[in-house]
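S.K.: This is the structure, below, for whatever I ask next.
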2 protein chains.
Amino acid sequence: MSGTQRLSKRDRQQRILAELRVSATLRISELASELGVSYETIRRDLEEMGESGLINRTYGGAVARPFGFEPAWSERANAMTAEREQIASLAIKFVRPGEVLMIDAGSTTLHFARRLAAELKDLTVITNSFAVAQALATNPSMTVIACPGRYDVQEGGVNGPDCIAFLGRYNANRAVIGASGLTAEGPNEANSSSAAVKRAMFARAQERMLLIDHLKFGQPNLEVVCALQDVSRIVTDKAPARELALALRKAEIELHL
Amino acid sequence: MSGTQRLSKRDRQQRILAELRVSATLRISELASELGVSYETIRRDLEEMGESGLINRTYGGAVARPFGFEPAWSERANAMTAEREQIASLAIKFVRPGEVLMIDAGSTTLHFARRLAAELKDLTVITNSFAVAQALATNPSMTVIACPGRYDVQEGGVNGPDCIAFLGRYNANRAVIGASGLTAEGPNEANSSSAAVKRAMFARAQERMLLIDHLKFGQPNLEVVCALQDVSRIVTDKAPARELALALRKAEIELHL
DNA sequence: CCATAAATGTGTGACCTGCAACATGACCGG
DNA sequence: CCGGTCATGTTGCAGGTCACACATTTATGG
């Protein structure tokens, strides 16, 4: 309906986003008649907006994006989703209801958090990642504690001295982190502030889990997070090459595929 | 796929909910083949679950329910967007580059933050709202500091004693908050933890701004945030009724429309 | 003013979904 | 063993959606 003027493409897409914030799910056919354009136009709009990550497509319509959208990290987050899902599915098997977890910011750990929210309950989770916090909070039985600090768009979370100090006040059953790379020296990170957060989490946890996909094997990066023997468990998707495998055995790390 | 045993109806629906927390949108046809049951069965499941409010149906599938049950933030957030935009546009005129701001969680303050990110630079912003932090961080010249605390899905941000204590360590040029209602007593809040955060922000700021739309005028709520004279400036979209207007004048509050 | 590109509309065939009616099989109390 | 209920599968059809090609309209820049 809305006998109003026909809108420009930009305005129309803006309007769709607005509608989406109100009603959560939309159908193409409804939008088409409401905005006075053809079905095909709306379909093309949604296609575009879906590709640029503004919305999630559904069959016949669209739904609002969960929250917080980072172009910087949506790229990275979309690569290797299958492997990450696999790693996450395996990793949650080590978590028991009622535990206290520290979870790092990162795309693999986010998958892990989503799985946790879906399949476990009554956890207390301390995290520096907004996305992890939001994912877990969809499950009302979870207690989610967010760290303070300077927000970093790249990481989608906070870091810095406030964050480190805050983590130091807690004790956890388990710290779960990702990393930029893994060598015989240990896990490493391209971002120094992130490395410090990971270290702080490991320092306060009984068991220290590393979730990492095989592409990171052998990759050296700016800063080593900790020695290999400080990691108690690694969950990954493929067996590492000879040298790294040997180092892992030597460090007595439990390796899960 | 999943050559597993066929599940009971209860288990199957549970599984659907779990999947939904992971992937946000599902299609009946995918679920059917994944769970090894017929299309019709899944359709009937979703129909049931939709009626009991566990999920939102879409054409051909389902999506997770956005947030909580209350219109807290999904429905309410976009009623009145025009008014909120207006309020936000006016409110940013009082902010100068380089200032330190504290910004509360809320839909009006989120609009305000988006405007800030678009039109100002070099601010330092301390906030308890994830959405505000993310909005501001899209502008690289901004320094965004997030508060610690327990994450509250309804509010989309953190609160609690850690948050209050953290805020107490900072001094700001300006605190910018929203409220559930405004009476001659002062701004009030339906959520006690949120009220405490707002108070903590006001306690550390030279100027204390309240952004509020006219629908909230005269609305009493659970807890009064502070006395009217503790507010230094109110930005709104319509002039308040006689009694409230008088109280505002008496409290020497600058009122902007 | 025209030429060009972008945006939008139209039409079509393949495929998908909704819905209802009916069949099948499992489970259960008598 | 029977009859009933419940969950599920099957079938058929009406209607919706997708994806594509092509025509048409609407910006846009010289």
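As shown in the structure tokens, the chain order sets the letters A, B, ...; within each chain, residues go from 1, and ligands are also counted from 1 in the order they appear.
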Provide as a PDB file with N, CA and C atoms, in the first residue's frame the residues of chain A at most 6 Å from chain B, counting only C-alpha atoms.
M.R.:
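Result file is part.pdb:
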ATOM      1  N   VAL A  22      11.973  -3.783  13.441  1.00  0.00           N
ATOM      2  CA  VAL A  22      10.691  -3.839  14.122  1.00  0.00           C
ATOM      3  C   VAL A  22      10.150  -5.257  14.162  1.00  0.00           C
ATOM      4  N   ARG A 114      28.690 -20.507  20.621  1.00  0.00           N
ATOM      5  CA  ARG A 114      27.352 -20.766  20.103  1.00  0.00           C
ATOM      6  C   ARG A 114      26.916 -22.187  20.421  1.00  0.00           C
ATOM      7  N   ALA A 118      23.892 -23.620  22.821  1.00  0.00           N
ATOM      8  CA  ALA A 118      22.870 -24.512  22.280  1.00  0.00           C
ATOM      9  C   ALA A 118      22.769 -25.800  23.077  1.00  0.00           C
ATOM     10  N   VAL A 144      26.859 -14.555  32.135  1.00  0.00           N
ATOM     11  CA  VAL A 144      27.906 -14.029  31.266  1.00  0.00           C
ATOM     12  C   VAL A 144      28.522 -12.785  31.890  1.00  0.00           C
ATOM     13  N   ILE A 145      29.816 -12.816  32.067  1.00  0.00           N
ATOM     14  CA  ILE A 145      30.510 -11.670  32.652  1.00  0.00           C
ATOM     15  C   ILE A 145      31.465 -11.093  31.609  1.00  0.00           C
ATOM     16  N   ALA A 146      31.285  -9.830  31.319  1.00  0.00           N
ATOM     17  CA  ALA A 146      32.110  -9.181  30.304  1.00  0.00           C
ATOM     18  C   ALA A 146      33.266  -8.441  30.971  1.00  0.00           C
ATOM     19  N   CYS A 147      34.418  -8.473  30.336  1.00  0.00           N
ATOM     20  CA  CYS A 147      35.601  -7.782  30.837  1.00  0.00           C
ATOM     21  C   CYS A 147      35.548  -6.305  30.436  1.00  0.00           C
ATOM     22  N   PRO A 148      36.208  -5.461  31.201  1.00  0.00           N
ATOM     23  CA  PRO A 148      36.325  -4.062  30.822  1.00  0.00           C
ATOM     24  C   PRO A 148      37.521  -3.868  29.908  1.00  0.00           C
ATOM     25  N   GLY A 149      37.639  -2.690  29.347  1.00  0.00           N
ATOM     26  CA  GLY A 149      38.822  -2.379  28.562  1.00  0.00           C
ATOM     27  C   GLY A 149      38.491  -1.610  27.315  1.00  0.00           C
ATOM     28  N   ARG A 150      39.510  -1.296  26.570  1.00  0.00           N
ATOM     29  CA  ARG A 150      39.329  -0.570  25.336  1.00  0.00           C
ATOM     30  C   ARG A 150      38.792  -1.513  24.265  1.00  0.00           C
ATOM     31  N   TYR A 151      37.745  -1.080  23.572  1.00  0.00           N
ATOM     32  CA  TYR A 151      37.135  -1.930  22.561  1.00  0.00           C
ATOM     33  C   TYR A 151      37.940  -1.890  21.276  1.00  0.00           C
TER      34      TYR A 151
END
S.K.: What residues in chain B have any atom no more than 10 Å from chain D when counting only C-alpha atoms (C1' of nucleotides), and can you write them as a list in words?
M.R.: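 Interface list for chain B against chain D: Ser8, Lys9, Val37, Ser38, Tyr39, Glu40, Thr41 and Tyr59 of chain B.
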S.K.: Please produce an output containing N, CA and C atoms for each residue in the selection, written as a tab-separated table (two decimals), in the first residue's frame.
M.R.:
chain	number	residue	atom	x	y	z
B	8	SER	N	12.90	-39.07	19.45
B	8	SER	CA	11.52	-38.85	19.86
B	8	SER	C	11.13	-37.42	19.50
B	9	LYS	N	9.84	-37.18	19.56
B	9	LYS	CA	9.35	-35.86	19.20
B	9	LYS	C	9.98	-34.79	20.07
B	37	VAL	N	13.69	-37.23	9.11
B	37	VAL	CA	12.24	-37.37	9.15
B	37	VAL	C	11.66	-36.61	7.97
B	38	SER	N	10.35	-36.75	7.81
B	38	SER	CA	9.75	-36.16	6.62
B	38	SER	C	9.54	-34.66	6.79
B	39	TYR	N	9.39	-34.01	5.68
B	39	TYR	CA	9.13	-32.59	5.64
B	39	TYR	C	7.93	-32.23	6.52
B	40	GLU	N	6.89	-33.01	6.38
B	40	GLU	CA	5.66	-32.73	7.13
B	40	GLU	C	5.89	-32.74	8.63
B	41	THR	N	6.69	-33.65	9.09
B	41	THR	CA	6.94	-33.76	10.53
B	41	THR	C	7.60	-32.50	11.05
B	59	TYR	N	8.59	-18.30	6.22
B	59	TYR	CA	8.12	-19.13	5.12
B	59	TYR	C	9.21	-20.15	4.82
S.K.: Pairing every Cα of chain B with chain A in order, what RMSD remains after the least-squares superposition?
M.R.: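 Between these identical-sequence chains, the C-alpha RMSD is 4.9 Å.
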S.K.: Just to confirm, what's the straight-line distance from atom CA of Arg249 of chain B to atom CA of Gln229 of chain B in Å (one decimal)?
M.R.: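 Atom CA of Gln229 of chain B lies 9.8 Å from atom CA of Arg249 of chain B.
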S.K.: Residues of chain C near chain A: apply a cut-off of 10 Å, count only C-alpha atoms (C1' of nucleotides), and supply the list as a list of chain:residue names.
M.R.: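 Only these qualify: C:DA7, C:DT8, C:DG9, C:DT10, C:DC16, C:DT17.
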S.K.: For the helix (DSSP H, G or I) assignment from backbone DSSP, which residues of segment 198-244 of chain A qualify? Please present them as a list in words.
M.R.: Lys198, Arg199, Ala200, Met201, Phe202, Ala203, His214, Leu215, Lys216, Leu228, Gln229, Asp230, Arg242, Glu243 and Leu244 of chain A
S.K.: List every residue of segment 25-232 of chain A that DSSP, applied to the backbone, labels as strand (DSSP E or B), and write the result as a PyMOL selection string.
M.R.: chain A and resi 25-27+55-58+61-64+100-103+124-127+129+143-146+149-152+157-159+172-177+181-183+186-189+205-211+217+223-224
S.K.: Could you take the residues named above and write them with N, CA and C atoms, as a compact mmCIF listing (two decimals), in the first residue's frame?
M.R.:
# COMPACT_ATOMS: atom_id res chain seq x y z
N THR A 25 11.21 -10.75 11.20
CA THR A 25 11.21 -11.53 9.97
C THR A 25 10.31 -10.85 8.95
N LEU A 26 10.77 -10.81 7.72
CA LEU A 26 10.01 -10.18 6.66
C LEU A 26 9.84 -11.15 5.51
N ARG A 27 8.80 -10.93 4.71
CA ARG A 27 8.65 -11.72 3.50
C ARG A 27 8.72 -10.80 2.30
N ILE A 55 21.93 -8.33 6.48
CA ILE A 55 20.79 -9.14 6.90
C ILE A 55 21.12 -10.61 6.71
N ASN A 56 20.25 -11.47 7.20
CA ASN A 56 20.32 -12.88 6.89
C ASN A 56 19.17 -13.22 5.98
N ARG A 57 19.46 -13.87 4.87
CA ARG A 57 18.38 -14.29 3.98
C ARG A 57 17.67 -15.50 4.56
N THR A 58 16.40 -15.61 4.23
CA THR A 58 15.67 -16.85 4.45
C THR A 58 14.97 -17.17 3.15
N GLY A 61 12.34 -14.46 2.21
CA GLY A 61 12.38 -13.24 2.99
C GLY A 61 13.73 -12.99 3.62
N ALA A 62 13.73 -12.38 4.78
CA ALA A 62 14.97 -12.06 5.47
C ALA A 62 14.71 -11.90 6.95
N VAL A 63 15.75 -12.05 7.74
CA VAL A 63 15.67 -11.75 9.17
C VAL A 63 16.82 -10.83 9.53
N ALA A 64 16.63 -10.15 10.64
CA ALA A 64 17.67 -9.23 11.11
C ALA A 64 18.91 -10.00 11.49
N VAL A 100 32.97 -22.91 35.35
CA VAL A 100 33.31 -21.53 35.08
C VAL A 100 34.33 -21.50 33.95
N LEU A 101 34.01 -20.77 32.88
CA LEU A 101 34.88 -20.73 31.71
C LEU A 101 35.37 -19.33 31.43
N MET A 102 36.58 -19.25 30.91
CA MET A 102 37.03 -17.99 30.32
C MET A 102 37.16 -18.24 28.82
N ILE A 103 36.56 -17.38 28.03
CA ILE A 103 36.60 -17.56 26.59
C ILE A 103 37.13 -16.30 25.92
N THR A 124 29.09 -20.41 33.88
CA THR A 124 29.48 -19.02 34.10
C THR A 124 30.63 -18.73 33.16
N VAL A 125 30.46 -17.76 32.32
CA VAL A 125 31.47 -17.48 31.31
C VAL A 125 32.00 -16.07 31.44
N ILE A 126 33.31 -15.96 31.50
CA ILE A 126 33.96 -14.65 31.55
C ILE A 126 34.64 -14.45 30.20
N THR A 127 34.32 -13.38 29.52
CA THR A 127 34.87 -13.21 28.18
C THR A 127 35.18 -11.75 27.88
N SER A 129 35.02 -10.90 24.64
CA SER A 129 34.44 -10.77 23.30
C SER A 129 32.95 -10.44 23.38
N THR A 143 25.42 -17.50 32.94
CA THR A 143 25.83 -16.22 33.52
C THR A 143 27.00 -15.72 32.70
N VAL A 144 26.86 -14.55 32.13
CA VAL A 144 27.91 -14.03 31.27
C VAL A 144 28.52 -12.78 31.89
N ILE A 145 29.82 -12.82 32.07
CA ILE A 145 30.51 -11.67 32.65
C ILE A 145 31.47 -11.09 31.61
N ALA A 146 31.29 -9.83 31.32
CA ALA A 146 32.11 -9.18 30.30
C ALA A 146 33.27 -8.44 30.97
N GLY A 149 37.64 -2.69 29.35
CA GLY A 149 38.82 -2.38 28.56
C GLY A 149 38.49 -1.61 27.31
N ARG A 150 39.51 -1.30 26.57
CA ARG A 150 39.33 -0.57 25.34
C ARG A 150 38.79 -1.51 24.27
N TYR A 151 37.75 -1.08 23.57
CA TYR A 151 37.13 -1.93 22.56
C TYR A 151 37.94 -1.89 21.28
N ASP A 152 38.22 -3.05 20.74
CA ASP A 152 38.99 -3.18 19.51
C ASP A 152 38.11 -3.75 18.41
N GLY A 157 36.21 -7.22 20.54
CA GLY A 157 36.19 -7.36 21.98
C GLY A 157 37.13 -6.37 22.63
N VAL A 158 37.27 -6.48 23.92
CA VAL A 158 38.11 -5.54 24.64
C VAL A 158 39.46 -6.16 25.01
N ASN A 159 40.42 -5.29 25.31
CA ASN A 159 41.69 -5.76 25.83
C ASN A 159 42.33 -4.62 26.61
N ALA A 172 38.91 -19.94 37.08
CA ALA A 172 38.04 -20.68 36.17
C ALA A 172 38.45 -22.14 36.09
N ASN A 173 37.49 -22.99 35.77
CA ASN A 173 37.79 -24.39 35.51
C ASN A 173 38.55 -24.55 34.21
N ARG A 174 38.27 -23.66 33.28
CA ARG A 174 38.73 -23.85 31.93
C ARG A 174 38.93 -22.50 31.24
N ALA A 175 40.05 -22.36 30.56
CA ALA A 175 40.22 -21.21 29.67
C ALA A 175 40.23 -21.75 28.26
N VAL A 176 39.50 -21.12 27.37
CA VAL A 176 39.40 -21.58 25.99
C VAL A 176 39.82 -20.44 25.07
N ILE A 177 40.91 -20.64 24.36
CA ILE A 177 41.41 -19.58 23.50
C ILE A 177 41.66 -20.07 22.07
N GLY A 181 48.61 -18.63 15.29
CA GLY A 181 49.48 -19.69 14.78
C GLY A 181 49.89 -20.64 15.89
N LEU A 182 50.45 -21.77 15.48
CA LEU A 182 50.94 -22.74 16.47
C LEU A 182 52.22 -23.38 15.96
N THR A 183 53.30 -23.19 16.72
CA THR A 183 54.58 -23.82 16.38
C THR A 183 55.06 -24.63 17.58
N GLY A 186 55.03 -22.89 20.83
CA GLY A 186 53.75 -22.69 21.50
C GLY A 186 52.82 -21.89 20.62
N PRO A 187 51.60 -21.60 21.11
CA PRO A 187 50.66 -20.77 20.34
C PRO A 187 51.16 -19.34 20.27
N ASN A 188 50.91 -18.68 19.14
CA ASN A 188 51.34 -17.29 19.01
C ASN A 188 50.21 -16.41 18.48
N GLU A 189 50.46 -15.09 18.56
CA GLU A 189 49.43 -14.13 18.22
C GLU A 189 50.01 -12.96 17.44
N ALA A 205 43.23 -20.37 35.04
CA ALA A 205 42.38 -21.53 34.75
C ALA A 205 43.09 -22.85 35.07
N GLN A 206 42.30 -23.80 35.56
CA GLN A 206 42.85 -25.12 35.83
C GLN A 206 43.22 -25.84 34.55
N GLU A 207 42.28 -25.85 33.60
CA GLU A 207 42.60 -26.49 32.32
C GLU A 207 42.62 -25.44 31.23
N ARG A 208 43.61 -25.57 30.34
CA ARG A 208 43.84 -24.54 29.33
C ARG A 208 43.69 -25.14 27.94
N MET A 209 42.58 -24.83 27.28
CA MET A 209 42.29 -25.43 25.97
C MET A 209 42.62 -24.45 24.85
N LEU A 210 43.17 -25.01 23.80
CA LEU A 210 43.44 -24.21 22.60
C LEU A 210 42.64 -24.78 21.44
N LEU A 211 41.82 -23.94 20.80
CA LEU A 211 41.07 -24.35 19.61
C LEU A 211 41.76 -23.75 18.40
N PHE A 217 48.91 -24.28 11.71
CA PHE A 217 50.09 -25.07 12.11
C PHE A 217 51.36 -24.55 11.45
N GLU A 223 54.05 -12.61 18.44
CA GLU A 223 54.32 -12.85 19.85
C GLU A 223 53.86 -14.24 20.27
N VAL A 224 54.73 -14.94 20.99
CA VAL A 224 54.35 -16.24 21.51
C VAL A 224 53.50 -16.04 22.76
S.K.: Work out how far apart atom CA of Ala190 of chain B and atom CA of Ala203 of chain B are and give it in Å to one decimal.
M.R.: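 So the answer is 19.9 Å.
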S.K.: Provide the atom CA of Ser107 of chain A to atom CA of Tyr170 of chain A distance in Å, to one decimal place.
M.R.: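 Separating atom CA of Ser107 of chain A from atom CA of Tyr170 of chain A is a distance of 23.7 Å.
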S.K.: Name the residues in contact with segment 83-95 of chain A at a cut-off of 7 Å, using only C-alpha atoms (C1' of nucleotides), excluding same-chain residues fewer than 2 positions from it; report them as a list in words.
M.R.: Met80, Thr81, Pro97, Thr108, His111, Phe112, Arg115, Leu116, Leu211, Asp213, Val235, Thr236 and Asp237 of chain A
